[in-house]
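Data block for query_6.cif (mmCIF, C-alpha atoms and all ligand atoms):
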```
data_my_file
#
loop_
_atom_site.label_atom_id
_atom_site.label_comp_id
_atom_site.auth_asym_id
_atom_site.auth_seq_id
_atom_site.Cartn_x
_atom_site.Cartn_y
_atom_site.Cartn_z
CA MET A 1 0.00 0.00 0.00
CA PRO A 2 1.33 3.41 -0.94
CA GLN A 3 1.73 6.23 1.51
CA THR A 4 -1.61 7.98 2.15
CA PRO A 5 -3.17 10.28 1.11
CA PHE A 6 -3.24 9.46 -2.59
CA TYR A 7 -5.61 9.46 -5.54
CA TYR A 8 -6.72 6.27 -7.21
CA TYR A 9 -8.31 6.23 -10.69
CA ASP A 10 -10.45 3.29 -11.81
CA LEU A 11 -9.67 3.11 -15.52
CA ALA A 12 -12.25 0.36 -16.08
CA LEU A 13 -14.97 2.74 -14.87
CA LEU A 14 -13.50 5.51 -17.02
CA ARG A 15 -13.73 3.24 -20.08
CA ARG A 16 -17.32 2.32 -19.19
CA THR A 17 -18.12 6.03 -18.93
CA LEU A 18 -16.55 6.69 -22.32
CA ASP A 19 -18.49 3.73 -23.78
CA ALA A 20 -21.73 5.28 -22.52
CA LEU A 21 -20.75 8.72 -23.79
CA GLN A 22 -19.95 7.42 -27.26
CA ALA A 23 -23.01 5.14 -27.37
CA ALA A 24 -25.25 8.13 -26.60
CA ILE A 25 -24.10 9.86 -29.79
CA ARG A 26 -25.94 8.52 -32.84
CA PRO A 27 -24.15 8.03 -36.14
CA ASP A 28 -26.01 10.97 -37.71
CA ASP A 29 -25.45 13.37 -34.79
CA PRO A 30 -22.89 15.98 -35.90
CA PHE A 31 -21.46 15.99 -32.35
CA ARG A 32 -17.77 16.28 -31.36
CA VAL A 33 -16.71 15.90 -27.74
CA HIS A 34 -13.70 17.63 -26.23
CA TYR A 35 -12.42 16.62 -22.81
CA ALA A 36 -12.07 19.61 -20.47
CA PHE A 37 -8.51 18.79 -19.42
CA LYS A 38 -8.47 21.05 -16.36
CA ALA A 39 -10.72 18.52 -14.56
CA CYS A 40 -7.94 15.89 -14.29
CA TYR A 41 -4.35 15.87 -15.55
CA ASN A 42 -3.53 12.25 -14.72
CA ALA A 43 -1.66 10.80 -17.71
CA ASP A 44 -3.34 7.36 -17.62
CA VAL A 45 -6.74 9.06 -17.54
CA ALA A 46 -5.83 11.51 -20.31
CA ARG A 47 -4.40 8.77 -22.57
CA THR A 48 -7.50 6.61 -22.09
CA ILE A 49 -9.57 9.57 -23.27
CA ARG A 50 -7.19 10.40 -26.12
CA ASP A 51 -7.39 6.79 -27.37
CA ARG A 52 -11.15 7.28 -27.90
CA GLY A 53 -10.48 10.09 -30.35
CA LEU A 54 -11.84 12.91 -28.19
CA GLY A 55 -10.39 16.38 -28.57
CA ALA A 56 -9.58 18.54 -25.56
CA ASP A 57 -10.49 21.91 -24.15
CA CYS A 58 -7.60 23.80 -22.56
CA VAL A 59 -7.38 26.99 -20.55
CA SER A 60 -3.66 27.80 -20.27
CA GLU A 61 -0.36 27.60 -22.12
CA GLY A 62 0.71 24.78 -19.83
CA GLU A 63 -2.37 22.75 -20.69
CA VAL A 64 -1.84 23.27 -24.42
CA ALA A 65 1.78 22.09 -24.12
CA ARG A 66 0.89 19.09 -21.94
CA LEU A 67 -1.94 17.92 -24.20
CA LEU A 68 0.38 18.01 -27.22
CA GLU A 69 2.93 16.03 -25.22
CA LEU A 70 0.22 13.49 -24.35
CA GLY A 71 -0.44 13.03 -28.04
CA PHE A 72 -3.72 14.90 -28.54
CA PRO A 73 -3.79 16.19 -32.13
CA ALA A 74 -3.37 19.99 -32.23
CA ASP A 75 -6.36 20.49 -34.50
CA ARG A 76 -8.62 18.88 -31.88
CA LEU A 77 -7.64 21.37 -29.16
CA VAL A 78 -9.76 24.37 -28.32
CA PHE A 79 -8.36 27.07 -26.08
CA ALA A 80 -10.64 29.04 -23.74
CA GLY A 81 -9.77 31.25 -20.78
CA VAL A 82 -10.44 34.87 -19.84
CA GLY A 83 -6.76 35.76 -19.49
CA LYS A 84 -4.61 34.24 -22.22
CA THR A 85 -1.01 35.49 -22.13
CA ASP A 86 0.84 36.54 -25.30
CA ALA A 87 3.13 33.53 -24.88
CA ALA A 88 0.12 31.21 -24.63
CA ILE A 89 -1.43 32.70 -27.78
CA ASP A 90 1.85 32.34 -29.70
CA ARG A 91 2.31 28.76 -28.60
CA ALA A 92 -1.24 27.82 -29.60
CA VAL A 93 -1.00 29.59 -32.99
CA GLN A 94 2.31 27.87 -33.75
CA ALA A 95 0.90 24.48 -32.77
CA GLY A 96 -2.06 25.04 -35.11
CA ILE A 97 -4.78 24.44 -32.54
CA GLY A 98 -8.37 23.87 -33.64
CA ALA A 99 -9.68 27.20 -32.36
CA PHE A 100 -9.37 29.89 -29.75
CA ASN A 101 -12.49 30.56 -27.73
CA VAL A 102 -12.16 34.33 -27.50
CA GLU A 103 -13.53 35.96 -24.37
CA ASN A 104 -13.36 39.70 -25.12
CA LEU A 105 -12.91 42.17 -27.99
CA GLN A 106 -9.41 43.20 -27.03
CA GLU A 107 -8.32 39.57 -27.09
CA LEU A 108 -9.60 39.34 -30.68
CA GLU A 109 -7.28 42.20 -31.72
CA VAL A 110 -4.33 40.68 -29.87
CA ILE A 111 -4.77 37.20 -31.39
CA SER A 112 -4.93 38.75 -34.85
CA GLN A 113 -1.75 40.78 -34.23
CA ARG A 114 0.17 37.80 -32.82
CA ALA A 115 -0.97 35.43 -35.56
CA ALA A 116 -0.10 38.01 -38.26
CA ALA A 117 3.36 38.47 -36.74
CA LEU A 118 3.84 34.69 -36.95
CA GLY A 119 2.60 34.64 -40.53
CA GLN A 120 -0.36 32.45 -39.61
CA THR A 121 -4.14 32.55 -39.52
CA ALA A 122 -5.87 31.75 -36.22
CA ARG A 123 -9.28 30.11 -36.10
CA VAL A 124 -11.49 31.87 -33.57
CA ALA A 125 -14.80 31.09 -31.94
CA LEU A 126 -16.37 33.79 -29.83
CA ARG A 127 -17.36 32.93 -26.30
CA ILE A 128 -20.74 34.50 -25.76
CA ASN A 129 -22.25 34.93 -22.33
CA PRO A 130 -25.80 33.72 -22.97
CA GLY A 131 -27.37 35.08 -19.75
CA VAL A 132 -28.63 31.59 -18.88
CA ASP A 133 -28.74 30.50 -15.25
CA ALA A 134 -27.27 27.04 -14.70
CA HIS A 135 -28.90 26.91 -11.22
CA THR A 136 -25.69 25.63 -9.74
CA HIS A 137 -23.30 26.85 -7.03
CA GLU A 138 -22.47 30.57 -7.37
CA LYS A 139 -18.76 29.79 -7.63
CA ILE A 140 -19.28 27.49 -10.62
CA THR A 141 -21.92 29.40 -12.57
CA THR A 142 -20.48 31.18 -15.59
CA GLY A 143 -23.33 32.12 -17.90
CA LEU A 144 -24.86 35.11 -16.10
CA PRO A 145 -24.27 38.73 -17.20
CA GLU A 146 -22.25 39.57 -14.09
CA ASN A 147 -19.68 36.82 -14.70
CA LYS A 148 -16.22 37.69 -15.99
CA PHE A 149 -16.57 35.14 -18.78
CA GLY A 150 -17.37 35.81 -22.40
CA ILE A 151 -18.68 38.57 -24.63
CA ALA A 152 -22.10 40.06 -23.83
CA LEU A 153 -24.94 38.63 -25.92
CA GLU A 154 -25.79 42.03 -27.42
CA ASP A 155 -22.20 42.50 -28.64
CA THR A 156 -22.19 39.27 -30.67
CA LEU A 157 -22.67 40.79 -34.12
CA THR A 158 -20.14 43.59 -33.49
CA ALA A 159 -17.60 40.97 -32.42
CA ILE A 160 -18.28 38.74 -35.43
CA SER A 161 -17.87 41.69 -37.84
CA ARG A 162 -14.65 42.67 -36.14
CA ALA A 163 -13.35 39.09 -36.45
CA HIS A 164 -14.05 39.26 -40.18
CA GLN A 165 -12.25 42.61 -40.58
CA LEU A 166 -9.10 41.56 -38.76
CA PRO A 167 -6.51 40.18 -41.14
CA ALA A 168 -5.17 37.03 -39.48
CA LEU A 169 -8.39 35.54 -38.16
CA GLN A 170 -10.83 32.98 -39.45
CA PHE A 171 -14.19 33.09 -37.68
CA VAL A 172 -15.47 29.54 -37.13
CA GLY A 173 -18.26 29.62 -34.58
CA LEU A 174 -19.75 30.60 -31.27
CA HIS A 175 -18.92 29.16 -27.87
CA PHE A 176 -21.00 29.01 -24.69
CA HIS A 177 -20.47 27.50 -21.25
CA ILE A 178 -23.11 28.13 -18.61
CA GLY A 179 -21.53 26.50 -15.57
CA SER A 180 -20.71 23.20 -13.96
CA GLN A 181 -22.35 20.34 -12.04
CA VAL A 182 -25.67 20.80 -13.85
CA LEU A 183 -27.71 17.72 -12.91
CA ASP A 184 -30.94 18.50 -14.70
CA ALA A 185 -30.18 18.30 -18.43
CA SER A 186 -33.35 20.26 -19.22
CA LEU A 187 -31.54 23.35 -17.88
CA PHE A 188 -29.61 23.31 -21.16
CA ALA A 189 -32.85 23.84 -23.14
CA PRO A 190 -32.87 27.64 -22.52
CA LEU A 191 -29.30 27.72 -23.83
CA CYS A 192 -30.49 26.07 -27.07
CA ASP A 193 -33.21 28.74 -27.38
CA VAL A 194 -30.68 31.55 -26.99
CA ILE A 195 -28.40 29.92 -29.55
CA ASN A 196 -31.24 29.49 -32.08
CA ARG A 197 -32.28 33.15 -31.83
CA LEU A 198 -28.67 34.27 -32.07
CA GLN A 199 -28.03 32.06 -35.06
CA ASP A 200 -30.99 33.69 -36.87
CA ASP A 201 -29.51 37.14 -36.18
CA VAL A 202 -26.04 36.06 -37.25
CA GLU A 203 -27.42 34.65 -40.48
CA ALA A 204 -29.54 37.74 -41.15
CA ALA A 205 -26.36 39.81 -40.82
CA GLY A 206 -24.77 37.68 -43.54
CA PHE A 207 -22.41 35.54 -41.48
CA THR A 208 -22.11 31.76 -41.27
CA MET A 209 -20.50 29.48 -38.73
CA SER A 210 -19.18 25.99 -39.06
CA TYR A 211 -19.92 24.98 -35.50
CA ILE A 212 -21.62 25.80 -32.22
CA ASN A 213 -19.71 24.93 -29.06
CA VAL A 214 -22.11 24.45 -26.14
CA GLY A 215 -19.42 23.97 -23.47
CA GLY A 216 -19.61 21.43 -20.68
CA GLY A 217 -21.24 21.31 -17.29
CA LEU A 218 -23.07 17.99 -17.09
CA GLY A 219 -23.03 16.94 -13.42
CA ILE A 220 -22.46 13.69 -11.55
CA ASP A 221 -24.17 12.06 -8.56
CA TYR A 222 -21.88 12.88 -5.63
CA GLU A 223 -24.34 11.44 -3.11
CA HIS A 224 -24.73 7.99 -4.68
CA PRO A 225 -21.62 7.23 -6.72
CA ASP A 226 -22.31 3.47 -6.71
CA GLU A 227 -25.91 3.85 -7.89
CA HIS A 228 -24.99 6.30 -10.65
CA PRO A 229 -21.37 5.67 -11.58
CA VAL A 230 -22.02 6.79 -15.17
CA PRO A 231 -23.85 10.07 -15.95
CA ASP A 232 -26.97 10.20 -18.09
CA PHE A 233 -25.37 11.20 -21.39
CA GLU A 234 -28.48 10.07 -23.30
CA SER A 235 -30.72 12.76 -21.78
CA TYR A 236 -27.97 15.33 -22.08
CA PHE A 237 -27.39 14.85 -25.81
CA ALA A 238 -31.16 14.52 -26.41
CA VAL A 239 -31.67 18.10 -25.18
CA PHE A 240 -29.29 19.44 -27.83
CA ARG A 241 -30.47 17.04 -30.56
CA GLN A 242 -34.01 18.31 -30.04
CA GLY A 243 -33.26 21.89 -29.03
CA LEU A 244 -30.75 23.17 -31.57
CA ARG A 245 -31.77 24.22 -35.08
CA LEU A 246 -28.56 23.46 -36.93
CA ARG A 247 -27.74 24.60 -40.45
CA PRO A 248 -26.59 22.05 -43.03
CA GLY A 249 -23.02 20.95 -42.40
CA GLN A 250 -22.86 22.53 -38.96
CA THR A 251 -21.39 20.57 -36.05
CA VAL A 252 -21.91 20.87 -32.31
CA HIS A 253 -18.96 20.78 -29.96
CA PHE A 254 -19.19 19.71 -26.33
CA GLU A 255 -16.54 20.26 -23.65
CA LEU A 256 -17.15 17.76 -20.89
CA GLY A 257 -14.90 17.46 -17.86
CA ARG A 258 -16.54 16.38 -14.63
CA SER A 259 -19.01 13.98 -16.24
CA ILE A 260 -16.18 12.01 -17.87
CA VAL A 261 -13.66 11.78 -15.03
CA GLY A 262 -15.50 12.65 -11.80
CA GLN A 263 -16.62 9.22 -10.68
CA CYS A 264 -13.45 7.30 -11.56
CA GLY A 265 -11.28 9.07 -8.96
CA THR A 266 -11.12 8.38 -5.23
CA LEU A 267 -9.02 10.04 -2.56
CA ILE A 268 -7.64 7.38 -0.20
CA THR A 269 -6.69 8.62 3.24
CA ARG A 270 -6.01 7.28 6.72
CA VAL A 271 -7.55 8.23 10.05
CA LEU A 272 -4.82 9.74 12.21
CA PHE A 273 -6.92 10.28 15.33
CA VAL A 274 -10.41 9.88 16.65
CA LYS A 275 -11.07 12.81 18.93
CA GLU A 276 -13.95 12.62 21.36
CA GLY A 277 -15.17 16.20 21.78
CA LYS A 278 -17.79 17.30 24.31
CA GLU A 279 -20.59 17.36 21.79
CA LYS A 280 -18.98 15.80 18.76
CA ARG A 281 -16.72 13.05 17.62
CA PHE A 282 -14.04 13.89 15.07
CA ALA A 283 -12.28 11.61 12.61
CA ILE A 284 -9.05 13.42 11.78
CA LEU A 285 -7.58 12.37 8.43
CA ASP A 286 -4.16 12.63 6.87
CA ALA A 287 -5.85 14.23 3.81
CA GLY A 288 -6.86 17.86 3.96
CA PHE A 289 -8.17 20.57 1.68
CA THR A 290 -4.69 20.78 0.23
CA ASP A 291 -5.48 17.39 -1.35
CA LEU A 292 -9.15 18.00 -2.20
CA VAL A 293 -10.41 21.57 -1.92
CA ARG A 294 -13.94 21.18 -3.28
CA VAL A 295 -15.63 20.94 0.11
CA ALA A 296 -13.84 24.00 1.55
CA MET A 297 -14.15 26.01 -1.67
CA TYR A 298 -17.63 25.16 -2.95
CA GLY A 299 -19.31 23.61 0.08
CA ALA A 300 -19.38 20.46 -2.05
CA TYR A 301 -20.60 17.07 -0.84
CA HIS A 302 -18.47 13.93 -1.21
CA ALA A 303 -19.51 10.44 -0.14
CA ILE A 304 -17.07 9.05 2.44
CA GLU A 305 -16.53 5.36 3.23
CA ASN A 306 -14.62 3.65 5.98
CA LEU A 307 -12.86 0.87 4.04
CA SER A 308 -11.65 -0.73 7.29
CA ALA A 309 -15.11 -1.00 8.86
CA ARG A 310 -15.80 -4.32 10.52
CA PRO A 311 -19.17 -5.98 9.91
CA GLY A 312 -21.92 -5.10 12.37
CA GLU A 313 -20.26 -1.98 13.77
CA PRO A 314 -22.65 0.67 15.10
CA VAL A 315 -23.06 3.76 12.92
CA GLU A 316 -22.25 7.07 14.61
CA PRO A 317 -22.03 10.70 13.45
CA TYR A 318 -18.52 12.04 12.80
CA ASP A 319 -17.10 15.35 11.78
CA VAL A 320 -14.49 14.32 9.24
CA ALA A 321 -11.63 16.82 9.31
CA GLY A 322 -8.24 17.29 7.71
CA PRO A 323 -4.95 18.31 9.39
CA VAL A 324 -4.56 21.74 7.78
CA CYS A 325 -4.48 24.79 10.04
CA GLU A 326 -7.75 26.31 8.82
CA SER A 327 -11.23 25.78 10.30
CA SER A 328 -12.58 25.22 6.78
CA ASP A 329 -10.53 22.02 6.50
CA VAL A 330 -13.54 19.79 7.14
CA PHE A 331 -14.83 17.19 4.67
CA ALA A 332 -18.13 16.42 6.40
CA VAL A 333 -20.16 17.39 9.46
CA ASP A 334 -22.16 14.83 11.47
CA ARG A 335 -21.63 12.20 8.77
CA PRO A 336 -22.99 8.78 9.81
CA LEU A 337 -20.10 6.30 9.62
CA PRO A 338 -19.41 2.90 11.13
CA ARG A 339 -17.35 3.10 14.32
CA THR A 340 -13.96 4.42 13.37
CA ARG A 341 -10.54 3.80 14.86
CA ARG A 342 -7.09 5.27 14.45
CA GLY A 343 -5.45 3.77 11.37
CA ASP A 344 -8.69 3.07 9.45
CA LEU A 345 -8.59 3.67 5.72
CA PHE A 346 -11.17 6.11 4.28
CA ALA A 347 -12.25 6.61 0.69
CA ILE A 348 -13.48 10.05 -0.35
CA ARG A 349 -15.47 9.27 -3.47
CA SER A 350 -16.16 11.07 -6.76
CA ALA A 351 -12.87 12.95 -6.54
CA GLY A 352 -11.70 12.47 -10.12
CA ALA A 353 -12.68 15.95 -11.32
CA TYR A 354 -11.24 19.14 -9.82
CA GLY A 355 -9.49 17.02 -7.19
CA HIS A 356 -5.79 16.45 -7.68
CA VAL A 357 -5.55 19.34 -10.15
CA MET A 358 -6.43 21.80 -7.39
CA ALA A 359 -4.08 20.33 -4.78
CA SER A 360 -1.66 22.72 -3.08
CA THR A 361 1.36 22.53 -0.82
CA TYR A 362 -0.05 24.84 1.86
CA ASN A 363 1.36 23.92 5.29
CA TYR A 364 4.40 22.54 3.41
CA ARG A 365 2.46 19.40 2.58
CA PRO A 366 3.54 17.27 -0.38
CA LEU A 367 1.14 16.91 -3.29
CA PRO A 368 -0.74 13.61 -3.10
CA ALA A 369 0.49 10.81 -5.39
CA GLU A 370 -1.75 9.32 -8.08
CA TYR A 371 -2.25 5.67 -9.03
CA SER A 372 -4.57 3.90 -11.39
CA GLY A 373 -5.87 0.40 -11.92
CA ASP A 374 -8.74 -1.54 -13.46
CA GLY A 375 -11.65 -1.81 -11.08
CA PRO A 376 -12.54 -0.27 -7.73
CA PHE A 377 -9.73 0.50 -5.28
CA LYS A 378 -8.37 -2.48 -3.33
CA PRO A 379 -5.46 -1.83 -0.99
CA GLU A 380 -3.62 -5.00 -2.09
CA ALA A 381 -4.06 -4.18 -5.78
CA VAL A 382 -2.15 -0.91 -5.73
CA SER A 383 1.56 -1.32 -6.23
CA VAL A 384 4.00 1.47 -5.74
CA PRO A 385 6.14 2.12 -8.81
CA ALA A 386 9.29 3.80 -7.56
CA GLN A 387 9.07 6.69 -10.01
CA LYS A 388 5.61 7.57 -8.76
CA ARG A 389 6.69 8.24 -5.20
CA GLN A 390 6.80 11.93 -4.36
C1 LIG B 1 -14.28 23.98 -17.00
C2 LIG B 1 -14.82 24.16 -18.35
C3 LIG B 1 -15.52 23.12 -18.96
C4 LIG B 1 -15.82 21.81 -18.29
O1 LIG B 1 -16.79 21.90 -17.33
P1 LIG B 1 -17.36 20.56 -16.63
O2 LIG B 1 -18.37 21.08 -15.70
O3 LIG B 1 -16.22 19.91 -15.94
O4 LIG B 1 -17.94 19.72 -17.71
C5 LIG B 1 -15.95 23.32 -20.26
N1 LIG B 1 -15.70 24.48 -20.91
C6 LIG B 1 -15.04 25.49 -20.35
C7 LIG B 1 -14.81 26.72 -21.12
C8 LIG B 1 -14.59 25.37 -19.05
O5 LIG B 1 -13.94 26.40 -18.48
#
```
Since I need it in another form, could you write the structure as structure tokens?
Ligand SMILES: *Cc1c(COP(=O)(O)O)cnc(C)c1O
Amino acid sequence: MPQTPFYYYDLALLRRTLDALQAAIRPDDPFRVHYAFKACYNADVARTIRDRGLGADCVSEGEVARLLELGFPADRLVFAGVGKTDAAIDRAVQAGIGAFNVENLQELEVISQRAAALGQTARVALRINPGVDAHTHEKITTGLPENKFGIALEDTLTAISRAHQLPALQFVGLHFHIGSQVLDASLFAPLCDVINRLQDDVEAAGFTMSYINVGGGLGIDYEHPDEHPVPDFESYFAVFRQGLRLRPGQTVHFELGRSIVGQCGTLITRVLFVKEGKEKRFAILDAGFTDLVRVAMYGAYHAIENLSARPGEPVEPYDVAGPVCESSDVFAVDRPLPRTRRGDLFAIRSAGAYGHVMASTYNYRPLPAEYSGDGPFKPEAVSVPAQKRQ
């Protein structure tokens, strides 16, 4: 058993998830899926996704470089992000990425200048803020007018004309992303309506687009990961199949992160102490928010299991806390768990997305290691390759 805490990725579940994703797309659906790389950087996970022919959505120069290194074809990369540096733009232009998702008018000018200086043409999609509420946590909603993301809906035509005037740009489409962890697929229907109206206006103004990128955001079941290990891709794609009025030859791009990798990752951690407080009982783990920040940052819920529980143990409420010197370093409050002892192994479930990628070294803690295997985590099944030790 490796040193805890560490992440474990179940590649068999990841493949099952990709099977379901690909099966939900019909042969005549003009749908292309990009993996939102920022959800999980693990190389085994990324290669499994690459081998299915998915493209990738990236948000920084580092991500562009890493995806190329991992063997994703440059023309299947799309590059979003509100603050792209000049170096990032140059790198992406030189690599010949599929498209930039441009987030403001000044960025449009800068990409044109940089591409012209490199003697290249950059393909650009415009990220439009559709003013659609994803009804999700305020820190992960991105499609409302007061967000920093995207170009305002009413500026769409101005931005498209500008993209056509600028010398080194090729306008390819519009991009939207309303937010993350959207569980009710019908919430994407209003997005389709906005896109249809916009497409009519764009066409009336004499412009065409080769694709519509509807972003990502499909959620996963954090409460019951074993009942719903694979998200409902069928209902998700059905909303767009029915909702979007596409023009001949047009394709739809999706950028899914959490729904692809969320359920395959687990954070494995050990109980350092059981502290009997006056009113409460605490299970103090060797994992903290430095390893998984979602609970402290978003108030997120993660299912927690005691893998060392003995049969027939009474269930008692525990506050499950990490070792970091911050009161927010708590994974769960009053969580019913079988009686817990020092040394027990815990699994924090559904940690594949926005888990390891957000880890930090606060408190001078090392970053957690990552392992993968086929099938659910079993302590005896995880070997420790020397090069993986940190
Ligand atoms: C993060 C992000 C995604 C992926 O979101 P998920 O909720 O993980 O599917 C897609 N598109 C953009 C532009 C993003 O920033």
At a cut-off of 7 Å around ligand LIG 1 (chain B), and using only C-alpha atoms and all ligand atoms, what residues come up? Please write them as JSON, numbers by chain. {"A": [36, 38, 39, 57, 59, 80, 81, 177, 179, 180, 181, 215, 216, 217, 218, 219, 255, 256, 257, 258, 259]}
Output C-alpha atoms for every residue in that selection, as a PDB file, in the coordinates of the input.
```pdb
ATOM      1  CA  ALA A  36     -12.070  19.610 -20.470  1.00  0.00           C
ATOM      2  CA  LYS A  38      -8.470  21.050 -16.360  1.00  0.00           C
ATOM      3  CA  ALA A  39     -10.720  18.520 -14.560  1.00  0.00           C
ATOM      4  CA  ASP A  57     -10.490  21.910 -24.150  1.00  0.00           C
ATOM      5  CA  VAL A  59      -7.380  26.990 -20.550  1.00  0.00           C
ATOM      6  CA  ALA A  80     -10.640  29.040 -23.740  1.00  0.00           C
ATOM      7  CA  GLY A  81      -9.770  31.250 -20.780  1.00  0.00           C
ATOM      8  CA  HIS A 177     -20.470  27.500 -21.250  1.00  0.00           C
ATOM      9  CA  GLY A 179     -21.530  26.500 -15.570  1.00  0.00           C
ATOM     10  CA  SER A 180     -20.710  23.200 -13.960  1.00  0.00           C
ATOM     11  CA  GLN A 181     -22.350  20.340 -12.040  1.00  0.00           C
ATOM     12  CA  GLY A 215     -19.420  23.970 -23.470  1.00  0.00           C
ATOM     13  CA  GLY A 216     -19.610  21.430 -20.680  1.00  0.00           C
ATOM     14  CA  GLY A 217     -21.240  21.310 -17.290  1.00  0.00           C
ATOM     15  CA  LEU A 218     -23.070  17.990 -17.090  1.00  0.00           C
ATOM     16  CA  GLY A 219     -23.030  16.940 -13.420  1.00  0.00           C
ATOM     17  CA  GLU A 255     -16.540  20.260 -23.650  1.00  0.00           C
ATOM     18  CA  LEU A 256     -17.150  17.760 -20.890  1.00  0.00           C
ATOM     19  CA  GLY A 257     -14.900  17.460 -17.860  1.00  0.00           C
ATOM     20  CA  ARG A 258     -16.540  16.380 -14.630  1.00  0.00           C
ATOM     21  CA  SER A 259     -19.010  13.980 -16.240  1.00  0.00           C
TER      22      SER A 259
END
```
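Residue neighbourhood of Pro366 (chain A), excluding near-sequence residues (fewer than 6 positions): Gln3, Thr4, Pro5, Phe6, Asp286, Ala287, Gly288, Thr290, Asp291, His356, Ala359, Ser360, Arg389 and Gln390 of chain A, at 12 Å, using all atoms listed in the file.
Between CA of Pro167 (chain A) and CA of Ala99 (chain A) lies a distance of 16.0 Å.
Compared by their closest atoms to Ile178 (chain A), and using only C-alpha atoms, the residues A:Val132, A:Ile212, A:Leu77, A:Leu244 rank with A:Val132 nearest.
Using only C-alpha atoms, the smallest distance between any of A:Asn306, A:Thr121, A:Thr158, A:Ser372 and Phe346 (chain A) comes from A:Asn306.
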From the options A:Leu345, A:Leu108, A:Val274, A:Leu18, which residue's atoms come nearest to Ala321 (chain A), counting all atoms listed in the file? A:Val274
Across A:Thr340, A:Ser210, A:Thr85, A:Thr269, the smallest distance to Val124 (chain A), with only C-alpha atoms counted, is shown by A:Ser210
Contacts of Arg197 (chain A) within 12 Å, all atoms listed in the file, excl. fewer than 5 positions in-chain, as a PyMOL selection string: chain A and resi 130+153-154+156+190-192+202-204+243-246
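Considering the residues A:Val172, A:Val64, A:Leu285, A:Val230 and counting only C-alpha atoms, Asn213 (chain A) has its shortest atom-to-atom contact with A:Val172.
With only C-alpha atoms as the atoms that count, the minimum distance from Arg335 (chain A) to the choices A:Phe237, A:Tyr301, A:Tyr364, A:Phe72 is reached by A:Tyr301.
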Please identify all polymer residues within 8 Å of region 8-15 of chain A, counting only C-alpha atoms, omitting same-chain residues fewer than 5 positions from it, and present them as a ChimeraX atom specification. /A:44-45,48,229,260-261,263-268,352,370-377
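Put simply, CA of Leu307 (chain A) is 29.0 Å away from CA of Arg47 (chain A).
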Some atoms are missing, so please complete region 188-200 of chain A with N, CA and C atoms and return it as a JSON list (two decimals), in the coordinates of the input.
```json
[["chain", "number", "residue", "atom", "x", "y", "z"],
["A", 188, "PHE", "N", -30.33, 22.90, -19.96],
["A", 188, "PHE", "CA", -29.61, 23.31, -21.16],
["A", 188, "PHE", "C", -30.57, 23.73, -22.28],
["A", 189, "ALA", "N", -31.88, 23.47, -22.10],
["A", 189, "ALA", "CA", -32.85, 23.84, -23.14],
["A", 189, "ALA", "C", -32.88, 25.36, -23.37],
["A", 190, "PRO", "N", -32.90, 26.19, -22.28],
["A", 190, "PRO", "CA", -32.87, 27.64, -22.52],
["A", 190, "PRO", "C", -31.62, 28.09, -23.28],
["A", 191, "LEU", "N", -30.52, 27.39, -23.08],
["A", 191, "LEU", "CA", -29.30, 27.72, -23.83],
["A", 191, "LEU", "C", -29.53, 27.49, -25.32],
["A", 192, "CYS", "N", -30.19, 26.36, -25.65],
["A", 192, "CYS", "CA", -30.49, 26.07, -27.07],
["A", 192, "CYS", "C", -31.35, 27.18, -27.66],
["A", 193, "ASP", "N", -32.33, 27.67, -26.89],
["A", 193, "ASP", "CA", -33.21, 28.74, -27.38],
["A", 193, "ASP", "C", -32.40, 30.00, -27.69],
["A", 194, "VAL", "N", -31.51, 30.36, -26.77],
["A", 194, "VAL", "CA", -30.68, 31.55, -26.99],
["A", 194, "VAL", "C", -29.84, 31.37, -28.25],
["A", 195, "ILE", "N", -29.26, 30.19, -28.40],
["A", 195, "ILE", "CA", -28.40, 29.92, -29.55],
["A", 195, "ILE", "C", -29.20, 30.01, -30.85],
["A", 196, "ASN", "N", -30.42, 29.45, -30.87],
["A", 196, "ASN", "CA", -31.24, 29.49, -32.08],
["A", 196, "ASN", "C", -31.57, 30.92, -32.50],
["A", 197, "ARG", "N", -31.95, 31.76, -31.51],
["A", 197, "ARG", "CA", -32.28, 33.15, -31.83],
["A", 197, "ARG", "C", -31.04, 33.88, -32.35],
["A", 198, "LEU", "N", -29.92, 33.61, -31.69],
["A", 198, "LEU", "CA", -28.67, 34.27, -32.07],
["A", 198, "LEU", "C", -28.25, 33.86, -33.47],
["A", 199, "GLN", "N", -28.42, 32.57, -33.74],
["A", 199, "GLN", "CA", -28.03, 32.06, -35.06],
["A", 199, "GLN", "C", -28.86, 32.73, -36.16],
["A", 200, "ASP", "N", -30.16, 32.97, -35.89],
["A", 200, "ASP", "CA", -30.99, 33.69, -36.87],
["A", 200, "ASP", "C", -30.43, 35.09, -37.12]]
```
